[in-house]
Amino acid sequence: MQIIQLEGTEDTPKVMLDKAKGIYEVSGRSLPEDAAEFYAPILNWLTEYAGQSNPSTEFVIKLEYFNTASSKLILDVLSKLEDVKGSKVVWYYYEDDEDMQEAGEEFSELVDVPFEFKTY
Amino acid sequence: MSEEILKSLAQLYAIITKQDGGVTDSEKTYVVNSFKKRLNLATAEQYIALYDEFLKDGEGKDDGKKRLTSVKDSVKTLGICRKINKTLTQKQKIVVLVELLEILKSEGKESAQQQEIIDTVAIAFNIDKDEYKTLQTFVLHNDIQLFGDENILVINNRDSSIIPGNAKHIHSDQVDGNIFFVRVKSVDMIFLKYTGEDEITLNSLNIGPDDVTLFSPGSTAKTKRGGVFYYSDVLTRFISESVSVKLSFQVNNLEFRFANHNIGLRDINISEGSGKLIGIMGASGAGKTTLLNVLAGLETPYKGEVLINGYNLHKEKDKVRGVIGYIPQDDLLIEELTVFENLFYSAKLCFKNKTDEEITGMVNKVLDNLGLIQSKDLRVGNALNKSISGGQRKRLNIALELIREPSVLFVDEPTSGLSSRDSENVMDLLKELTLKGTLIFVVIHQPSSDIYKMFDKMFILDVGGYPIYYGNPVEAITYFKHVSQQADSDKGQCATCGNVNPEQIFNIIEEKVVDEYGNFTANRRLTPKQWNESFINRFALKRVEDIKQESFSILHIPGKIKQFWVFTVRDFKSKLFNKQYMLINLIEAPLLAFILSFILRYKNNSTSTEYVFRYNENIPAYILMSIVIAIFIGLSISAEEIIKDKKILKRETFLNLSRNSYLLSKVFILFMFSAIQTFLFVLVGNSILEIDGMFFQFWIVLFSVACFANLTGLIISSAFDTAITVYILVPLLLIPQMILSGSIFSFDKINDMIRSKDKVPVVADLMAARWAYEAIAVKQFRDNGYEKYFFKVEQKENIANFNIVYLLPELNERLDFAYENLNAKDDSLLKISINNLAVLKSELRKQNKIVPRLQPQDLELLTIEKMNAQTYNKVKAYLKELEVFYNKIFNDANKEKENYVFALGRLNGGTDVNKLKDQYFNESLSDMVRNATAKKRIVETDQYLAPKLDYVYFSPVEVKGTFDYRAHFFAPVKHFAGNYYDTFKFNIIVIWLAGIFLYILLYFDLLRKLLNVFGKISIPRT
């Protein structure tokens, strides 16, 4: 499978999706101009991956901030993970960023994927 | 709305309004009003408090450059949307979205954060991107230049050239500023917004400037300057492209006369195109329904014509097949079927090309559109046993026509007996149909103001069938006021509320002259004729363009066999549901059989201690009663069949459904019932009376007469209008069958005028009961388990016996008498002699065929002139010879019979032949078919001699011509077309031929036509 590797910018997150190495990570800030367009390749990648997934998938989300439009697409990403067997979300948040912690908790209630919360 | 949803909404409002630095006053006001609009005050307060609670829950943060929505709020919004998605319909979600956009607008300034959240909500709600965009522009902006979308309609007093893009436009001078409409196509919703200085009301409620309000079906928006915009007008604009039906409906100088030659309608002229809703109003007895019936082609006009696309409705019926729909005032529903089934079978009869799945889909869609989908599995029921409401019934009736989409629809008083709410629903429905291009004529009685104004035109009739108005409904009021010189005549509707009062029209038309004491007299101020003249002078008919000979999309009516099948299934299902009916029908026959046979199981103690079939004297009576019961049951199950369906049949003639298929389905089902009923009857009755080996024979005869009775029942059911008439007729049909069955009264002992000396009287031949009775009696006697071995030989024996004992002595006597009186002076004696010789001649001719000893010329000498001693002696000798001949036959037969008895005894292992006789042979029946009790054993008739005993052994004595079928009662064979047929088979065939004849009568409804002819004869008044 192809590897998706995007360097982060001011408005877009860093993305790393590598099946061979078992790295799945979105990190940084997410407020792209067109969120749907930005996340489309990621969603496509996950759809393809769901059919041939590794035994376990630890999907790391380590975001400082995301806007409302991105939140809908992150939800879509998380929903895709429901179809991936043995998947798990690792939700990183700043130690004192309660907002991000609660956002993660809200997400975990909306989708049927196990969440692990970690601080950094 | 559920609590959970309200809570979610409060939270959503809170999230959105707190963005961009907190809640503004206008935002707060909007939210508060929004709750107050939805809920009662106390509950609203509760949710407003909840809203305030959510507001405190933290605000967004600032990253230095711009305000950012908190990530927590973003995810919460998603959670709320998911909850809403699970509960609200797409339409409700659109309403929520519009409210959210209005919050955004209420702030009055751009807010990127709020905008972003609402955009995300729209995505989460799965709302079409383009529709959302249009809706967003519509709510947020007032600049007409932004409104170029095809789903936008603008009404203003400007030229349509200022309208951008594909937006629709209506020009109206009665509007200040702009009225905008937006249509959300996917859910078929329309919203309205007004920008201008004037006041505008929606359904009589004021709406504020810039408020976005739902413009629901049937709504009316009014401006203060008198502009009225109906939902249908607006919707038409949006969907106008889809209407493609071309139609012209022209009525030219129509006049109608009743059967008694009274004029019902005078000089009616109408000209309409497609997509119009025309009301027909008039005082009671003015001829509204008559007009509707003539226009629909149910009644034939006396003069004038009705042309649909140039085709004459009354003369070229096949060209306008299926184009017309008719919804009468009464129900067309089958009470025993469910809402769904009613519509389903109706649709199945209209669409040949559709599969059951497709039809189910169509039916469900129509039911959904009419708000009947929840009641689809309820039985329709009748007025006493209601399961659906009056409004639902009416809508279902309309649905029957709706589903096949006729081009012209006639509706008779659709709102009578309905609540005002239901009435409006029904009228909305019709109005929406016109949007699809249907031309609808509605007879309407006392319409409410709103309904009255829904009509495109109003046709008003006055007593005597005079047309007195045809045009715009609201203008009608001003016109009548004006003609009657009332004050305020330029005002059609109430200046303040916009209501009209249609009753006013009739008050004006029927205004009475007041006498000098101030009391109303019976005379009208203006007669119908005067109103009519005024109307003709004032209004010229504007004719729509004639569409010539444009063909219609004709219905795809299924073939006759499929129709038959649909009718059968439909009828059977409705019967199956009627448990009482089914139970009674299945139990009645065996129960009667039990009662009858139990009572008639007579044990003749003088012969034996046990019940012996042979000595049961009641068997002939049992046969008769079986036949009477078969006829009675057959009549009673069929007598109401067609009456019950009469209304439905009337409707189905519009569809040109096959009467043959309909009738055959009825016949088929009734025959099935009859088969089962008679089967059960014979099963019980014959078992109890121990009639062995005759099951099938009894059944086939009883089944045949029951079918005959079914057809008779259907004929009267088709010819008469009420069930009670039919039931009164039942005895009239049944009693003659009993009287002339030949069982109760002997054919020998009835009135001379109808009696035949040696044959069954012709009137009795018209009775099915007589054929059935004879069939069973002869079959039972001749072919039972005993007699079948002896019939042939007994026949020989008994005929020989008759000849020896009665015929030859009689002939001798007649010969002697004639010879002695050859030269008698007495005229009467001479006359007898002549007759005697004639009889002698014809009988001897017959005998000479069997024992040929006489020459033809010998017979010629048997006249009073040529007769001499030589001839006398010759005949005498011949008669002697015959006696010897028949004696030999008799003796031989006797011997043969004894042999049979012996052989039969040995065959059955030495058992007594009498046992066989006890089991199968019935003495009373034997006495009857042999006419054993007759006093006179030989009778002279028409110059030949006929036996009066042993009927069952004699073939028809004298056959006249090829087609002479007549014979004496209980003859073992019947003659027809030169051949002799077994009586049992022959009689059954006769009953079925009569059945076929009855079916033809039924098919052409000849009895009804005959009754109509009598009905038309008017008794001249002196």
# chains A, B, ... in the order shown; residues from 1 in each chain; ligands from 1
$ select_by_dssp --residues "range 281-319 of chain B" --states "alpha helix (DSSP H)" --output "PyMOL selection string"
chain B and resi 288-295
$ write_last_selection --atoms "N, CA and C atoms" --output "compact mmCIF listing (two decimals), in the first residue's frame"
# COMPACT_ATOMS: atom_id res chain seq x y z
N LYS B 288 -77.07 20.49 -10.08
CA LYS B 288 -75.61 20.40 -10.02
C LYS B 288 -75.12 19.00 -10.37
N THR B 289 -75.68 18.03 -9.67
CA THR B 289 -75.23 16.66 -9.89
C THR B 289 -75.59 16.20 -11.30
N THR B 290 -76.75 16.65 -11.77
CA THR B 290 -77.14 16.32 -13.15
C THR B 290 -76.10 16.84 -14.12
N LEU B 291 -75.69 18.08 -13.91
CA LEU B 291 -74.69 18.67 -14.80
C LEU B 291 -73.40 17.84 -14.76
N LEU B 292 -73.00 17.50 -13.55
CA LEU B 292 -71.77 16.72 -13.39
C LEU B 292 -71.89 15.39 -14.14
N ASN B 293 -73.05 14.76 -13.99
CA ASN B 293 -73.25 13.46 -14.64
C ASN B 293 -73.25 13.57 -16.16
N VAL B 294 -73.83 14.64 -16.68
CA VAL B 294 -73.84 14.81 -18.13
C VAL B 294 -72.42 15.09 -18.62
N LEU B 295 -71.72 15.96 -17.88
CA LEU B 295 -70.35 16.29 -18.29
C LEU B 295 -69.44 15.06 -18.23
$ interface_residues --of "chain A" --to "chain B" --cutoff "6 Å" --atoms "only C-alpha atoms" --output "list in words"
Thr68, Ala69, Asp99 and Ala103 of chain A
$ write_last_selection --atoms "C-alpha atoms" --output "PDB file, in the first residue's frame"
ATOM      1  CA  THR A  68     -15.501  22.634  13.388  1.00  0.00           C
ATOM      2  CA  ALA A  69     -15.257  21.647   9.736  1.00  0.00           C
ATOM      3  CA  ASP A  99     -10.915  21.085  25.977  1.00  0.00           C
ATOM      4  CA  ALA A 103     -13.269  16.566  22.775  1.00  0.00           C
TER       5      ALA A 103
END
$ closest_residue --among "A:Gly104, A:Gly51, A:Gly8, A:Pro114" --to "Leu31 in chain A" --atoms "only C-alpha atoms"
A:Gly8
$ residues_around --residues "Glu503 in chain B" --least-positions-apart "3" --cutoff "8 Å" --atoms "only C-alpha atoms" --output "short mmCIF file (atom, residue, chain, number, x, y, z; two decimals) with N, CA and C atoms, in the first residue's frame"
data_model
loop_
_atom_site.label_atom_id
_atom_site.label_comp_id
_atom_site.auth_asym_id
_atom_site.auth_seq_id
_atom_site.Cartn_x
_atom_site.Cartn_y
_atom_site.Cartn_z
N GLN B 446 -71.98 24.78 0.14
CA GLN B 446 -71.58 25.58 1.29
C GLN B 446 -70.08 25.53 1.57
N PHE B 506 -76.24 33.05 -2.61
CA PHE B 506 -77.57 32.44 -2.69
C PHE B 506 -78.62 33.29 -2.00
N ASN B 507 -78.19 34.02 -0.99
CA ASN B 507 -79.14 34.96 -0.38
C ASN B 507 -79.59 35.99 -1.40
#
$ closest_residue --among "A:Lys88, A:Glu116, A:Lys62, A:Ala36" --to "Asp76 in chain A" --atoms "only C-alpha atoms"
A:Ala36
$ atom_distance --atom1 "CA of Gly371 in chain B" --atom2 "CA of Lys185 in chain B"
19.6 Å
$ select_by_dssp --residues "chain A" --states "strand (DSSP E or B)" --output "ChimeraX atom specification"
/A:4-6,14-18,23-30,57-66,87-93,115-119
$ residues_around --residues "range 100-104 of chain B" --least-positions-apart "4" --cutoff "10 Å" --atoms "only C-alpha atoms" --output "VMD selection string"
chain B and resid 9 12 to 13 16 to 17 26 to 31 34 94 to 96 108 to 112 114 to 115 117 to 119 121 135 to 140 210 to 212
$ atom_distance --atom1 "CA of Ile398 in chain B" --atom2 "CA of Thr434 in chain B"
13.3 Å
$ closest_residue --among "B:Tyr470, B:Leu526, B:Arg266, B:His482" --to "Ala540 in chain B" --atoms "only C-alpha atoms"
B:Tyr470
$ residues_around --residues "Ala977 in chain B" --least-positions-apart "4" --cutoff "10 Å" --atoms "only C-alpha atoms" --output "PyMOL selection string"
chain B and resi 961-965
$ write_last_selection --atoms "N, CA and C atoms" --output "PDB file, in the first residue's frame"
ATOM      1  N   GLY B 961     -92.232 -34.229 -34.775  1.00  0.00           N
ATOM      2  CA  GLY B 961     -91.170 -33.399 -35.351  1.00  0.00           C
ATOM      3  C   GLY B 961     -89.821 -33.673 -34.707  1.00  0.00           C
ATOM      4  N   THR B 962     -88.809 -33.159 -35.336  1.00  0.00           N
ATOM      5  CA  THR B 962     -87.435 -33.434 -34.940  1.00  0.00           C
ATOM      6  C   THR B 962     -87.104 -32.860 -33.571  1.00  0.00           C
ATOM      7  N   PHE B 963     -87.592 -31.648 -33.321  1.00  0.00           N
ATOM      8  CA  PHE B 963     -87.157 -30.953 -32.115  1.00  0.00           C
ATOM      9  C   PHE B 963     -88.134 -31.110 -30.949  1.00  0.00           C
ATOM     10  N   ASP B 964     -88.999 -32.076 -31.066  1.00  0.00           N
ATOM     11  CA  ASP B 964     -89.936 -32.282 -29.972  1.00  0.00           C
ATOM     12  C   ASP B 964     -89.209 -32.969 -28.820  1.00  0.00           C
ATOM     13  N   TYR B 965     -89.079 -32.220 -27.737  1.00  0.00           N
ATOM     14  CA  TYR B 965     -88.371 -32.767 -26.581  1.00  0.00           C
ATOM     15  C   TYR B 965     -89.356 -33.283 -25.537  1.00  0.00           C
TER      16      TYR B 965
END
$ atom_distance --atom1 "CA of Arg966 in chain B" --atom2 "CA of Ile1000 in chain B"
24.4 Å
